[in-house]
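Undergrad: To be precise about what I am sending: the file is called start_16.cif and holds mmCIF, C-alpha atoms and all ligand atoms.
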```cif
data_coords
loop_
_atom_site.label_atom_id
_atom_site.label_comp_id
_atom_site.auth_asym_id
_atom_site.auth_seq_id
_atom_site.Cartn_x
_atom_site.Cartn_y
_atom_site.Cartn_z
CA MET P 949 13.34 -66.75 -36.00
CA CYS P 950 10.46 -64.97 -37.68
CA SER P 951 7.37 -67.10 -37.38
CA ALA P 952 3.63 -66.99 -37.68
CA VAL P 953 1.69 -65.61 -34.73
CA ARG P 954 -1.83 -66.93 -34.27
CA TYR P 955 -4.38 -64.99 -32.29
CA PRO P 956 -8.14 -65.17 -32.20
CA ALA P 957 -9.65 -63.19 -35.08
CA PHE P 958 -11.08 -59.83 -34.12
CA ASP P 959 -14.78 -60.10 -33.39
CA VAL P 960 -16.34 -57.86 -36.07
CA SER P 961 -19.82 -58.49 -34.72
CA SER P 962 -19.09 -56.02 -31.93
CA LEU P 963 -18.47 -53.17 -34.35
CA PRO P 964 -20.79 -50.20 -34.62
CA GLU P 965 -22.68 -49.32 -37.79
CA PRO P 966 -20.42 -48.12 -40.60
CA SER P 967 -19.30 -44.58 -39.90
CA SER P 968 -17.28 -41.88 -41.56
CA VAL P 969 -14.22 -41.59 -39.35
CA LEU P 970 -11.56 -38.90 -39.32
CA VAL P 971 -8.29 -40.33 -38.02
CA THR P 972 -5.66 -37.75 -37.17
CA GLY P 973 -2.16 -39.18 -37.13
CA GLY P 974 -3.32 -42.15 -39.20
CA ALA P 975 0.07 -42.45 -40.93
CA GLY P 976 1.75 -43.10 -37.57
CA TYR P 977 2.24 -46.28 -35.58
CA ILE P 978 -1.01 -46.65 -33.65
CA GLY P 979 -3.15 -44.61 -36.05
CA SER P 980 -2.27 -46.86 -39.02
CA HIS P 981 -3.29 -49.96 -37.08
CA ALA P 982 -6.57 -48.26 -36.16
CA VAL P 983 -7.23 -47.29 -39.78
CA LEU P 984 -6.64 -50.85 -40.92
CA SER P 985 -9.15 -52.19 -38.42
CA LEU P 986 -11.74 -49.52 -39.27
CA LEU P 987 -11.41 -50.13 -43.01
CA GLU P 988 -11.73 -53.87 -42.57
CA ALA P 989 -14.91 -53.30 -40.59
CA GLY P 990 -16.38 -51.30 -43.47
CA HIS P 991 -15.94 -47.78 -42.10
CA ARG P 992 -15.03 -44.91 -44.39
CA VAL P 993 -11.76 -43.35 -43.19
CA THR P 994 -10.15 -39.98 -43.78
CA ILE P 995 -6.58 -39.68 -42.52
CA VAL P 996 -5.18 -36.26 -41.69
CA ASP P 997 -1.46 -36.39 -41.05
CA THR P 998 1.38 -33.94 -41.60
CA LEU P 999 3.75 -36.90 -42.18
CA ALA P 1000 6.13 -35.09 -39.81
CA ARG P 1001 6.51 -38.38 -37.92
CA GLY P 1002 4.36 -40.69 -40.03
CA HIS P 1003 4.90 -42.50 -43.30
CA LEU P 1004 3.33 -42.17 -46.71
CA ALA P 1005 4.26 -45.84 -47.16
CA ALA P 1006 1.98 -46.67 -44.21
CA VAL P 1007 -0.88 -44.95 -46.02
CA GLU P 1008 -0.03 -46.88 -49.18
CA ALA P 1009 -0.04 -50.12 -47.18
CA LEU P 1010 -3.58 -49.30 -46.03
CA ARG P 1011 -4.92 -48.75 -49.53
CA GLY P 1012 -6.95 -51.63 -50.91
CA HIS P 1013 -8.44 -52.45 -47.51
CA GLY P 1014 -11.46 -50.17 -47.86
CA GLU P 1015 -12.60 -46.63 -48.58
CA LEU P 1016 -9.64 -44.46 -47.61
CA HIS P 1017 -9.03 -40.78 -48.14
CA PHE P 1018 -5.67 -39.24 -47.20
CA VAL P 1019 -5.02 -35.55 -46.68
CA GLN P 1020 -1.56 -34.30 -45.79
CA ALA P 1021 -2.46 -31.49 -43.41
CA ASP P 1022 -2.09 -30.32 -39.86
CA CYS P 1023 -4.98 -31.32 -37.63
CA GLY P 1024 -4.75 -27.77 -36.26
CA ASN P 1025 -5.62 -26.32 -39.67
CA GLN P 1026 -9.19 -25.36 -38.78
CA ASP P 1027 -10.25 -24.45 -42.30
CA ALA P 1028 -9.02 -27.74 -43.73
CA ILE P 1029 -10.61 -29.72 -40.92
CA ARG P 1030 -13.96 -27.90 -41.15
CA HIS P 1031 -13.99 -28.57 -44.87
CA LEU P 1032 -13.17 -32.26 -44.45
CA LEU P 1033 -15.69 -32.84 -41.67
CA GLN P 1034 -18.41 -31.49 -43.93
CA GLU P 1035 -17.22 -32.96 -47.22
CA GLN P 1036 -16.78 -36.46 -45.76
CA SER P 1037 -19.86 -36.24 -43.45
CA VAL P 1038 -17.60 -37.28 -40.58
CA ASP P 1039 -19.44 -38.58 -37.50
CA THR P 1040 -16.49 -39.90 -35.49
CA VAL P 1041 -13.00 -38.54 -34.82
CA LEU P 1042 -10.10 -40.61 -33.49
CA HIS P 1043 -7.40 -38.14 -32.50
CA PHE P 1044 -3.96 -39.79 -32.48
CA ALA P 1045 -1.88 -36.94 -33.95
CA ALA P 1046 0.81 -35.77 -31.54
CA TYR P 1047 4.51 -35.70 -30.86
CA CYS P 1048 5.28 -38.42 -28.37
CA TYR P 1049 8.89 -38.28 -27.15
CA VAL P 1050 9.09 -37.47 -23.46
CA GLY P 1051 12.77 -36.50 -23.63
CA GLU P 1052 12.21 -34.21 -26.61
CA SER P 1053 9.32 -32.58 -24.77
CA VAL P 1054 11.67 -31.67 -21.94
CA GLN P 1055 14.18 -30.20 -24.42
CA GLU P 1056 11.58 -28.42 -26.55
CA PRO P 1057 8.47 -27.90 -24.43
CA LEU P 1058 6.90 -25.25 -26.65
CA ARG P 1059 7.02 -27.59 -29.62
CA TYR P 1060 4.89 -29.99 -27.59
CA TYR P 1061 2.45 -27.40 -26.29
CA ALA P 1062 2.11 -25.93 -29.78
CA ASN P 1063 1.58 -29.24 -31.57
CA ASN P 1064 -0.09 -31.49 -29.04
CA THR P 1065 -2.15 -28.87 -27.25
CA GLY P 1066 -2.37 -25.95 -29.69
CA ALA P 1067 -3.26 -27.99 -32.78
CA SER P 1068 -5.74 -30.03 -30.74
CA MET P 1069 -7.50 -26.83 -29.61
CA HIS P 1070 -8.07 -25.85 -33.24
CA LEU P 1071 -9.25 -29.34 -34.06
CA LEU P 1072 -11.68 -29.22 -31.14
CA MET P 1073 -13.00 -25.82 -32.23
CA ALA P 1074 -13.77 -27.22 -35.66
CA VAL P 1075 -15.35 -30.33 -34.12
CA ALA P 1076 -17.43 -28.34 -31.63
CA ASP P 1077 -19.30 -26.60 -34.46
CA SER P 1078 -19.67 -29.71 -36.62
CA ALA P 1079 -21.95 -32.72 -36.88
CA VAL P 1080 -19.30 -34.97 -35.30
CA SER P 1081 -20.97 -36.90 -32.49
CA ARG P 1082 -18.15 -39.16 -31.25
CA PHE P 1083 -14.59 -38.20 -30.35
CA ILE P 1084 -11.91 -40.50 -28.98
CA PHE P 1085 -8.68 -39.00 -27.73
CA SER P 1086 -5.34 -40.80 -27.36
CA SER P 1087 -4.26 -39.83 -23.90
CA THR P 1088 -1.46 -41.39 -21.94
CA CYS P 1089 -0.39 -42.78 -18.60
CA SER P 1090 2.13 -39.90 -18.63
CA THR P 1091 -0.72 -37.69 -17.43
CA TYR P 1092 -0.49 -39.52 -14.08
CA GLY P 1093 3.14 -38.49 -13.56
CA GLU P 1094 4.83 -40.50 -10.84
CA PRO P 1095 2.03 -42.11 -8.87
CA GLY P 1096 3.72 -43.62 -5.82
CA PRO P 1097 3.28 -47.22 -4.67
CA ASP P 1098 -0.01 -46.28 -2.94
CA HIS P 1099 -1.56 -45.72 -6.37
CA LEU P 1100 -0.46 -49.00 -7.96
CA PRO P 1101 -2.13 -50.43 -9.96
CA ILE P 1102 -3.18 -47.09 -11.42
CA THR P 1103 -6.91 -46.48 -11.61
CA GLU P 1104 -8.55 -43.67 -13.56
CA SER P 1105 -9.13 -41.76 -10.32
CA CYS P 1106 -5.39 -41.55 -9.59
CA PRO P 1107 -4.45 -37.83 -9.47
CA GLN P 1108 -3.14 -36.52 -12.79
CA GLN P 1109 0.13 -34.77 -12.01
CA PRO P 1110 2.28 -35.02 -15.14
CA ILE P 1111 5.99 -34.44 -14.65
CA ASN P 1112 6.96 -33.51 -18.21
CA PRO P 1113 5.63 -31.25 -21.00
CA TYR P 1114 4.48 -34.26 -23.03
CA GLY P 1115 2.16 -35.40 -20.22
CA ARG P 1116 1.01 -31.84 -19.55
CA SER P 1117 0.35 -31.18 -23.24
CA LYS P 1118 -1.96 -34.21 -23.35
CA LEU P 1119 -3.70 -33.47 -20.04
CA LEU P 1120 -4.72 -30.03 -21.34
CA VAL P 1121 -6.39 -31.70 -24.31
CA GLU P 1122 -8.29 -34.05 -21.99
CA GLN P 1123 -9.61 -31.01 -20.14
CA ALA P 1124 -10.52 -29.11 -23.31
CA LEU P 1125 -12.32 -32.16 -24.69
CA SER P 1126 -14.47 -32.29 -21.57
CA ALA P 1127 -15.27 -28.62 -22.13
CA VAL P 1128 -16.47 -29.41 -25.66
CA ALA P 1129 -18.65 -32.22 -24.29
CA ARG P 1130 -20.25 -29.82 -21.78
CA GLN P 1131 -20.72 -27.15 -24.43
CA ARG P 1132 -22.44 -29.58 -26.77
CA GLN P 1133 -24.64 -30.88 -23.98
CA GLN P 1134 -25.70 -27.35 -23.00
CA ALA P 1135 -26.55 -26.69 -26.64
CA ASP P 1136 -28.54 -29.94 -26.69
CA ARG P 1137 -26.47 -31.26 -29.59
CA PRO P 1138 -25.51 -34.97 -29.50
CA PHE P 1139 -21.91 -35.63 -28.58
CA ALA P 1140 -19.92 -38.18 -26.62
CA CYS P 1141 -16.22 -38.51 -26.00
CA ALA P 1142 -13.69 -40.84 -24.47
CA ARG P 1143 -10.20 -40.21 -23.22
CA LEU P 1144 -8.20 -43.42 -23.48
CA ARG P 1145 -5.10 -43.37 -21.32
CA TYR P 1146 -2.74 -45.80 -22.99
CA PHE P 1147 0.08 -47.51 -21.18
CA ASN P 1148 3.08 -48.81 -23.20
CA VAL P 1149 1.95 -49.76 -26.67
CA ALA P 1150 3.88 -52.53 -28.38
CA GLY P 1151 3.84 -55.09 -31.17
CA ALA P 1152 2.58 -54.92 -34.73
CA ASP P 1153 -0.29 -56.13 -36.87
CA PRO P 1154 -0.03 -59.95 -36.58
CA ALA P 1155 -0.45 -60.17 -40.36
CA GLY P 1156 2.49 -57.79 -40.81
CA ARG P 1157 0.68 -55.23 -42.97
CA VAL P 1158 1.65 -52.24 -40.79
CA GLY P 1159 4.09 -51.87 -37.95
CA GLU P 1160 6.21 -49.55 -35.82
CA ASP P 1161 8.78 -47.27 -37.46
CA HIS P 1162 9.96 -44.38 -35.28
CA ASP P 1163 13.10 -42.35 -35.80
CA PRO P 1164 14.60 -42.05 -33.31
CA GLU P 1165 13.16 -45.14 -31.68
CA THR P 1166 12.55 -44.64 -27.97
CA HIS P 1167 10.40 -47.65 -27.16
CA LEU P 1168 12.07 -50.51 -25.34
CA ILE P 1169 10.86 -53.49 -27.36
CA PRO P 1170 11.91 -52.17 -30.80
CA ILE P 1171 15.19 -50.95 -29.30
CA CYS P 1172 15.93 -54.47 -28.01
CA LEU P 1173 14.90 -55.91 -31.38
CA GLN P 1174 17.18 -53.48 -33.20
CA ALA P 1175 20.01 -54.81 -31.06
CA ALA P 1176 18.99 -58.38 -31.97
CA ALA P 1177 19.01 -57.38 -35.64
CA GLY P 1178 22.54 -55.99 -35.29
CA ARG P 1179 21.48 -52.37 -35.69
CA ARG P 1180 22.66 -51.50 -32.17
CA ASP P 1181 25.58 -52.90 -30.24
CA ALA P 1182 23.73 -53.28 -26.95
CA VAL P 1183 20.73 -52.16 -24.93
CA THR P 1184 21.28 -49.82 -22.01
CA VAL P 1185 19.28 -50.75 -18.92
CA PHE P 1186 18.64 -47.48 -17.10
CA GLY P 1187 18.75 -48.42 -13.43
CA THR P 1188 19.06 -51.86 -11.94
CA ASP P 1189 18.54 -50.92 -8.30
CA TYR P 1190 14.86 -49.98 -8.27
CA ASP P 1191 12.56 -51.37 -5.65
CA THR P 1192 11.08 -53.87 -8.11
CA PRO P 1193 11.38 -57.68 -8.19
CA ASP P 1194 14.51 -57.67 -10.42
CA GLY P 1195 15.65 -54.08 -9.82
CA THR P 1196 14.65 -52.79 -13.28
CA CYS P 1197 11.69 -50.58 -14.20
CA VAL P 1198 8.31 -52.18 -14.63
CA ARG P 1199 5.77 -51.10 -17.28
CA ASP P 1200 2.45 -52.30 -18.69
CA TYR P 1201 2.81 -53.41 -22.35
CA VAL P 1202 -0.40 -53.52 -24.35
CA HIS P 1203 -0.47 -54.89 -27.89
CA VAL P 1204 -1.37 -52.31 -30.52
CA SER P 1205 -4.17 -54.49 -31.95
CA ASP P 1206 -5.75 -54.78 -28.50
CA LEU P 1207 -5.48 -51.02 -28.12
CA VAL P 1208 -7.27 -50.56 -31.44
CA ASP P 1209 -10.01 -52.93 -30.28
CA ALA P 1210 -10.45 -50.73 -27.21
CA HIS P 1211 -11.15 -47.78 -29.53
CA VAL P 1212 -13.74 -49.77 -31.45
CA ALA P 1213 -15.32 -50.90 -28.19
CA ALA P 1214 -15.48 -47.27 -27.04
CA MET P 1215 -16.95 -46.13 -30.37
CA THR P 1216 -19.63 -48.78 -29.99
CA ALA P 1217 -20.52 -48.10 -26.40
CA LEU P 1218 -20.49 -44.30 -26.14
CA GLU P 1219 -23.90 -42.75 -25.68
CA ASP P 1220 -24.86 -39.13 -26.21
CA GLY P 1221 -23.71 -37.01 -23.29
CA ASP P 1222 -20.92 -39.40 -22.26
CA ASP P 1223 -17.52 -38.03 -21.28
CA ARG P 1224 -15.64 -41.16 -20.30
CA VAL P 1225 -12.11 -42.05 -19.35
CA TRP P 1226 -10.57 -45.49 -19.53
CA ASN P 1227 -7.10 -46.82 -18.84
CA VAL P 1228 -5.93 -49.18 -21.58
CA GLY P 1229 -3.35 -51.69 -20.42
CA THR P 1230 -3.06 -55.32 -19.46
CA GLY P 1231 -2.90 -54.68 -15.73
CA HIS P 1232 0.31 -56.67 -15.68
CA GLY P 1233 3.73 -55.15 -15.02
CA THR P 1234 6.72 -56.35 -17.04
CA SER P 1235 10.30 -55.42 -16.16
CA VAL P 1236 13.03 -54.26 -18.53
CA ARG P 1237 14.89 -57.47 -17.75
CA GLU P 1238 11.86 -59.58 -18.65
CA ILE P 1239 11.61 -57.75 -21.99
CA LEU P 1240 15.26 -58.44 -22.72
CA ASP P 1241 14.84 -62.10 -21.87
CA SER P 1242 11.77 -62.34 -24.07
CA VAL P 1243 13.61 -60.70 -26.98
CA ARG P 1244 16.45 -63.21 -26.56
CA ARG P 1245 13.99 -66.13 -26.59
CA VAL P 1246 12.01 -64.86 -29.57
CA THR P 1247 14.96 -63.84 -31.74
CA GLY P 1248 17.45 -66.47 -30.63
CA VAL P 1249 20.04 -63.67 -30.31
CA ASP P 1250 21.90 -63.12 -27.05
CA VAL P 1251 21.34 -59.35 -26.98
CA SER P 1252 24.04 -57.55 -24.99
CA GLU P 1253 23.07 -55.17 -22.25
CA ILE P 1254 24.86 -52.30 -20.55
CA GLN P 1255 23.97 -51.22 -17.06
CA GLY P 1256 23.24 -47.50 -17.03
CA GLU P 1257 22.27 -44.92 -14.45
CA ARG P 1258 18.65 -44.30 -13.56
CA ARG P 1259 17.02 -41.67 -15.76
CA PRO P 1260 15.48 -38.73 -13.92
CA GLY P 1261 11.70 -38.94 -13.88
CA ASP P 1262 11.53 -42.68 -14.58
CA PRO P 1263 9.13 -44.10 -11.97
CA PRO P 1264 9.98 -47.64 -10.80
CA SER P 1265 6.61 -49.14 -11.69
CA LEU P 1266 3.69 -48.07 -13.88
CA PHE P 1267 0.89 -50.48 -14.58
CA CYS P 1268 -2.81 -49.99 -14.64
CA ASP P 1269 -5.92 -51.39 -13.13
CA PRO P 1270 -7.93 -52.15 -16.29
CA SER P 1271 -11.11 -53.16 -14.44
CA ARG P 1272 -13.10 -50.11 -15.48
CA ILE P 1273 -12.72 -50.74 -19.22
CA ARG P 1274 -13.34 -54.44 -18.67
CA ASP P 1275 -16.53 -53.80 -16.70
CA ASP P 1276 -17.84 -50.98 -18.91
CA LEU P 1277 -16.86 -52.19 -22.37
CA GLY P 1278 -16.11 -55.89 -21.94
CA TRP P 1279 -12.61 -55.17 -23.25
CA SER P 1280 -9.52 -56.89 -22.01
CA ALA P 1281 -6.18 -57.50 -23.66
CA ARG P 1282 -6.03 -60.70 -25.72
CA HIS P 1283 -2.30 -60.60 -26.33
CA VAL P 1284 -1.21 -61.45 -22.83
CA GLU P 1285 1.86 -63.55 -23.59
CA LEU P 1286 4.90 -61.28 -23.70
CA ASP P 1287 6.72 -63.48 -26.21
CA GLY P 1288 3.72 -63.29 -28.53
CA ILE P 1289 3.72 -59.48 -28.44
CA VAL P 1290 7.47 -59.39 -29.07
CA GLN P 1291 7.10 -61.92 -31.90
CA THR P 1292 4.70 -59.65 -33.82
CA ALA P 1293 7.15 -56.77 -33.55
CA TRP P 1294 10.05 -59.03 -34.59
CA ASN P 1295 8.15 -60.37 -37.59
CA TRP P 1296 7.54 -56.80 -38.75
CA MET P 1297 11.20 -55.92 -38.26
CA CYS P 1298 12.35 -59.02 -40.15
CA THR P 1299 10.16 -58.16 -43.15
CA HIS P 1300 10.88 -54.40 -42.87
CA PRO P 1301 14.51 -54.08 -41.75
CA GLU P 1302 14.49 -50.42 -42.79
CA GLY P 1303 10.95 -49.84 -41.52
CA TYR P 1304 8.70 -48.33 -44.16
CA GLY P 1305 11.82 -47.50 -46.15
CA SER P 1306 12.29 -51.20 -46.89
CA ALA P 1307 11.56 -52.40 -50.39
CA VAL P 1308 9.14 -55.27 -49.74
N1 LIG L 1401 3.16 -45.30 -28.61
C1 LIG L 1401 2.84 -45.35 -27.31
O1 LIG L 1401 3.33 -46.20 -26.55
C2 LIG L 1401 1.84 -44.37 -26.76
C3 LIG L 1401 1.55 -44.41 -25.37
C4 LIG L 1401 0.61 -43.52 -24.86
C5 LIG L 1401 -0.03 -42.62 -25.70
N2 LIG L 1401 0.28 -42.58 -27.02
C6 LIG L 1401 -0.42 -41.61 -27.88
O2 LIG L 1401 -0.89 -42.27 -29.04
C7 LIG L 1401 -0.87 -41.40 -30.15
C8 LIG L 1401 -0.17 -42.06 -31.32
O3 LIG L 1401 1.15 -42.43 -30.94
P1 LIG L 1401 2.11 -43.16 -31.97
O4 LIG L 1401 3.06 -43.97 -31.18
O5 LIG L 1401 1.32 -43.80 -33.03
O6 LIG L 1401 2.91 -41.91 -32.56
P2 LIG L 1401 3.47 -41.69 -34.05
O7 LIG L 1401 4.49 -40.61 -33.95
O8 LIG L 1401 3.85 -42.98 -34.64
O9 LIG L 1401 2.20 -41.15 -34.83
C9 LIG L 1401 1.73 -39.83 -34.66
C10 LIG L 1401 1.32 -39.33 -36.02
O10 LIG L 1401 0.75 -38.02 -35.88
C11 LIG L 1401 1.25 -37.19 -36.92
N3 LIG L 1401 1.16 -35.81 -36.44
C12 LIG L 1401 1.82 -35.24 -35.40
N4 LIG L 1401 1.38 -33.99 -35.21
C13 LIG L 1401 0.42 -33.76 -36.14
C14 LIG L 1401 -0.43 -32.66 -36.43
N5 LIG L 1401 -0.38 -31.52 -35.75
N6 LIG L 1401 -1.35 -32.80 -37.43
C15 LIG L 1401 -1.42 -33.94 -38.16
N7 LIG L 1401 -0.62 -35.01 -37.93
C16 LIG L 1401 0.28 -34.92 -36.93
C17 LIG L 1401 2.67 -37.67 -37.17
O11 LIG L 1401 3.14 -37.32 -38.45
C18 LIG L 1401 2.49 -39.18 -36.99
O12 LIG L 1401 2.16 -39.81 -38.21
C19 LIG L 1401 -0.20 -40.11 -29.67
O13 LIG L 1401 -1.23 -39.17 -29.39
C20 LIG L 1401 0.50 -40.52 -28.38
O14 LIG L 1401 0.56 -39.44 -27.47
C21 LIG L 1401 1.21 -43.43 -27.57
#
```
With the file now loaded, output its structure as structure tokens.
TA:
Amino acid sequence: MCSAVRYPAFDVSSLPEPSSVLVTGGAGYIGSHAVLSLLEAGHRVTIVDTLARGHLAAVEALRGHGELHFVQADCGNQDAIRHLLQEQSVDTVLHFAAYCYVGESVQEPLRYYANNTGASMHLLMAVADSAVSRFIFSSTCSTYGEPGPDHLPITESCPQQPINPYGRSKLLVEQALSAVARQRQQADRPFACARLRYFNVAGADPAGRVGEDHDPETHLIPICLQAAAGRRDAVTVFGTDYDTPDGTCVRDYVHVSDLVDAHVAAMTALEDGDDRVWNVGTGHGTSVREILDSVRRVTGVDVSEIQGERRPGDPPSLFCDPSRIRDDLGWSARHVELDGIVQTAWNWMCTHPEGYGSAV
């Protein structure tokens, strides 16, 4: 049951003046959605992506939507980045590039520190010396670790105590970015940055131009949809005895297009000297069971589930208090109906059964 999803059009009047934007990780899931939105708003975009986890086909899908320049390079390649920042007169950087699998980060921590932290340090060194005046970093709720029930919903002042190398690798970048902001302020050179702590990102471009294609897939909604599409036998529910309303884990699912709008809102609002942090989520917790039920409704397939053991380090509930970003930027999630979020992801999967490898 693939069907049209109608949402209010994005309000382009809120966009800042056209900029030259460097998007690291722009061939990946969230980065490609951000590039699409930036191009449509008339910004000039340079993508830097190794393609280690991204897709050339995503870049191709973005062509024709505006002025796009793609460079296959590591964002930690200082020489390449310095050259690009100057050549493209970049004023804004959106830094999405990272490895993002929590489990893999536990198995291979150095890979995460080297790529997520190490490469980001080189990027920041190049940015610190450049004319870039706005920097937005993709941080994560994983930097909060396991905030107990006293910290729910999670505000930005919740202590950051990550429990895995992925979360730690991102927290270090947050701290280094603040150091760059201070350095630039001391040198009286305009700069502002934002650290956006995303919760669980889901869905796809409602028009189906780009979508989510991870291998392996670790996100719950696409995993459930893969089961609906017959690409998995069943979905394992890790823990059904948590202290949550239905016993399964609860997370905060924010639609990728809303997340992109939060970046645009931050780009617009930042003022010289700012070093801001905002949670980006709906503020609403959704359980694993509710996701499964939604996937069954949207797809019409009675997806099978297997009850599994709890996974170590999986907190029962993680959802944010989004009031700071609402009050500061006027941003709040527009895709609040779970079935609507799932529908966008399902539409993408129906038209791209092999992800970007599909001939469409
Ligand atoms: N997806 C989520 O639910 C979620 C939640 C919280 C935070 N985040 C953060 O959002 C960002 C984007 O996540 P995503 O889901 O789009 O991931 P993704 O894997 O789809 O995209 C990441 C992209 O970065 C590229 N990349 C990785 N290391 C690179 C490097 N050193 N130089 C250049 N390119 C590099 C990959 O090839 C890939 O195209 C990440 O920083 C992640 O930590 C994601």
Undergrad: For atom C19 of ligand LIG 1401 (chain L) and atom CA of Tyr1047 of chain P, quote the distance in Å rounded to one decimal.
TA: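 So the two atoms, atom C19 of ligand LIG 1401 (chain L) and atom CA of Tyr1047 of chain P, lie 6.6 Å apart.
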Undergrad: Quick check, in Å to one decimal: how far apart do atom CA of Trp1279 of chain P and atom N4 of ligand LIG 1401 (chain L) lie?
TA: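 A separation of 28.1 Å between them.
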Undergrad: Do a neighbour search on segment 1112-1122 of chain P at 10 Å with only C-alpha atoms, toss out local chain neighbours closer than 3 positions, and write the hits as number ranges by chain.
TA: P: 1046-1069, 1072, 1085-1093, 1108-1109, 1125-1127, 1141-1145, 1225, 1261
Undergrad: Could you check how far atom CA of Val1246 of chain P sits from atom CA of Ile1171 of chain P, in Å to one decimal?
TA: 14.3 Å
Undergrad: Find, counting only C-alpha atoms and all ligand atoms, the residue in P:Pro1270, P:Gly1002, P:Gly1248, P:Pro1110 that gets nearest to ligand LIG 1401 (chain L).
TA: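 Looking only at the distances to ligand LIG 1401 (chain L), the closest residue turns out to be P:Gly1002.
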Undergrad: Do a neighbour search on Gly1221 of chain P at 10 Å with all atoms listed in the file, toss out local chain neighbours closer than 6 positions, and write the hits as a PyMOL selection string.
TA: chain P and resi 1081-1082+1129-1130+1132-1134+1136-1141
Undergrad: Give the answer as one residue: which of P:His991, P:Arg1001, P:His1232, P:Arg1258 has the shortest atom-to-atom distance to Cys1197 of chain P, using all atoms listed in the file?
TA: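 Among the listed residues, the smallest separation from Cys1197 of chain P belongs to P:Arg1258.
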Undergrad: For a quick check of understanding, using only C-alpha atoms and all ligand atoms, which of P:Gly1229, P:Gly1156, P:Pro1263, P:Gly1288 has the smallest distance to ligand LIG 1401 (chain L)?
TA: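 Closest to ligand LIG 1401 (chain L), using only C-alpha atoms and all ligand atoms: P:Gly1229.
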Undergrad: Given 4 Å of margin on each side, can you work out the centre and size in Å (one decimal) of an axis-aligned box holding every listed atom of ligand LIG 1401 (chain L), as AutoDock Vina command-line options?
TA:
```
--center_x 1.5 --center_y -38.9 --center_z -31.7 --size_x 13.9 --size_y 22.7 --size_z 21.6
```
Undergrad: Write out as a list in words which residues come within 7 Å of Ala1293 of chain P when counting only C-alpha atoms, dropping same-chain ones fewer than 3 positions away.
TA: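 Result of the neighbour search: Gly1151, Ala1152, Ile1289, Val1290, Trp1296 and Met1297 of chain P.
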Undergrad: Between P:His1167, P:Arg1180, P:Arg992, P:His1017, single out the one closest to ligand LIG 1401 (chain L), counting all atoms listed in the file.
TA: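 Between P:His1167, P:Arg1180, P:Arg992, P:His1017, the residue approaching ligand LIG 1401 (chain L) most closely is P:His1167.
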Undergrad: Looking at P:Ala1214, P:Met1073, P:Leu1100, P:Ala1124, which one is nearest to Pro1264 of chain P, with distances taken over all atoms listed in the file?
TA: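 Among P:Ala1214, P:Met1073, P:Leu1100, P:Ala1124, it is P:Leu1100 that comes nearest to Pro1264 of chain P.
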Undergrad: Excluding Gln1174 of chain P and residues on its chain fewer than 2 positions from it, collect all residues at most 10 Å away from it, counting all atoms listed in the file, and give them as a ChimeraX atom specification.
TA: /P:1165,1168-1172,1176-1183,1251,1294,1297,1301
Undergrad: Nearest to ligand LIG 1401 (chain L) among P:Leu1266, P:Val993, P:Val1204, P:Leu1016, with distances taken over all atoms listed in the file: which residue is it?
TA: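 Nearest candidate to ligand LIG 1401 (chain L) out of P:Leu1266, P:Val993, P:Val1204, P:Leu1016: P:Val1204.
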Undergrad: Every residue with an atom at most 12 Å from (-18.0, -56.1, -21.7) (file coordinates; only C-alpha atoms) is what I'm after, so could you write them as an mmCIF file with C-alpha atoms, in the coordinates of the input?
TA:
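Everything below was put into out-v5.cif:
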```cif
data_model
loop_
_atom_site.group_PDB
_atom_site.id
_atom_site.type_symbol
_atom_site.label_atom_id
_atom_site.label_comp_id
_atom_site.auth_asym_id
_atom_site.auth_seq_id
_atom_site.Cartn_x
_atom_site.Cartn_y
_atom_site.Cartn_z
ATOM 1 C CA SER P 962 -19.090 -56.020 -31.930
ATOM 2 C CA ALA P 1210 -10.450 -50.730 -27.210
ATOM 3 C CA ALA P 1213 -15.320 -50.900 -28.190
ATOM 4 C CA ALA P 1214 -15.480 -47.270 -27.040
ATOM 5 C CA THR P 1216 -19.630 -48.780 -29.990
ATOM 6 C CA ALA P 1217 -20.520 -48.100 -26.400
ATOM 7 C CA SER P 1271 -11.110 -53.160 -14.440
ATOM 8 C CA ARG P 1272 -13.100 -50.110 -15.480
ATOM 9 C CA ILE P 1273 -12.720 -50.740 -19.220
ATOM 10 C CA ARG P 1274 -13.340 -54.440 -18.670
ATOM 11 C CA ASP P 1275 -16.530 -53.800 -16.700
ATOM 12 C CA ASP P 1276 -17.840 -50.980 -18.910
ATOM 13 C CA LEU P 1277 -16.860 -52.190 -22.370
ATOM 14 C CA GLY P 1278 -16.110 -55.890 -21.940
ATOM 15 C CA TRP P 1279 -12.610 -55.170 -23.250
ATOM 16 C CA SER P 1280 -9.520 -56.890 -22.010
#
```
Undergrad: Counting only C-alpha atoms, find residues at most 9 Å from (7.9, -42.2, -36.8) (file frame) and give them as a list in words.
TA: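 Residues with an atom close enough to that point: Ala975, Gly976, Tyr977, Leu999, Ala1000, Arg1001, Gly1002, His1003, Glu1160, Asp1161, His1162, Asp1163, Pro1164 and Glu1165 of chain P.
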Undergrad: Within 9 Å of Asp1194 of chain P, counting only C-alpha atoms, which residues show up once you throw out same-chain ones fewer than 3 positions away? Write them as a list of chain:residue names, please.
TA: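 Listing them by chain and then by number gives P:Thr1188, P:Asp1189, P:Tyr1190, P:Asp1191, P:Cys1197, P:Ser1235, P:Val1236, P:Arg1237, P:Glu1238.
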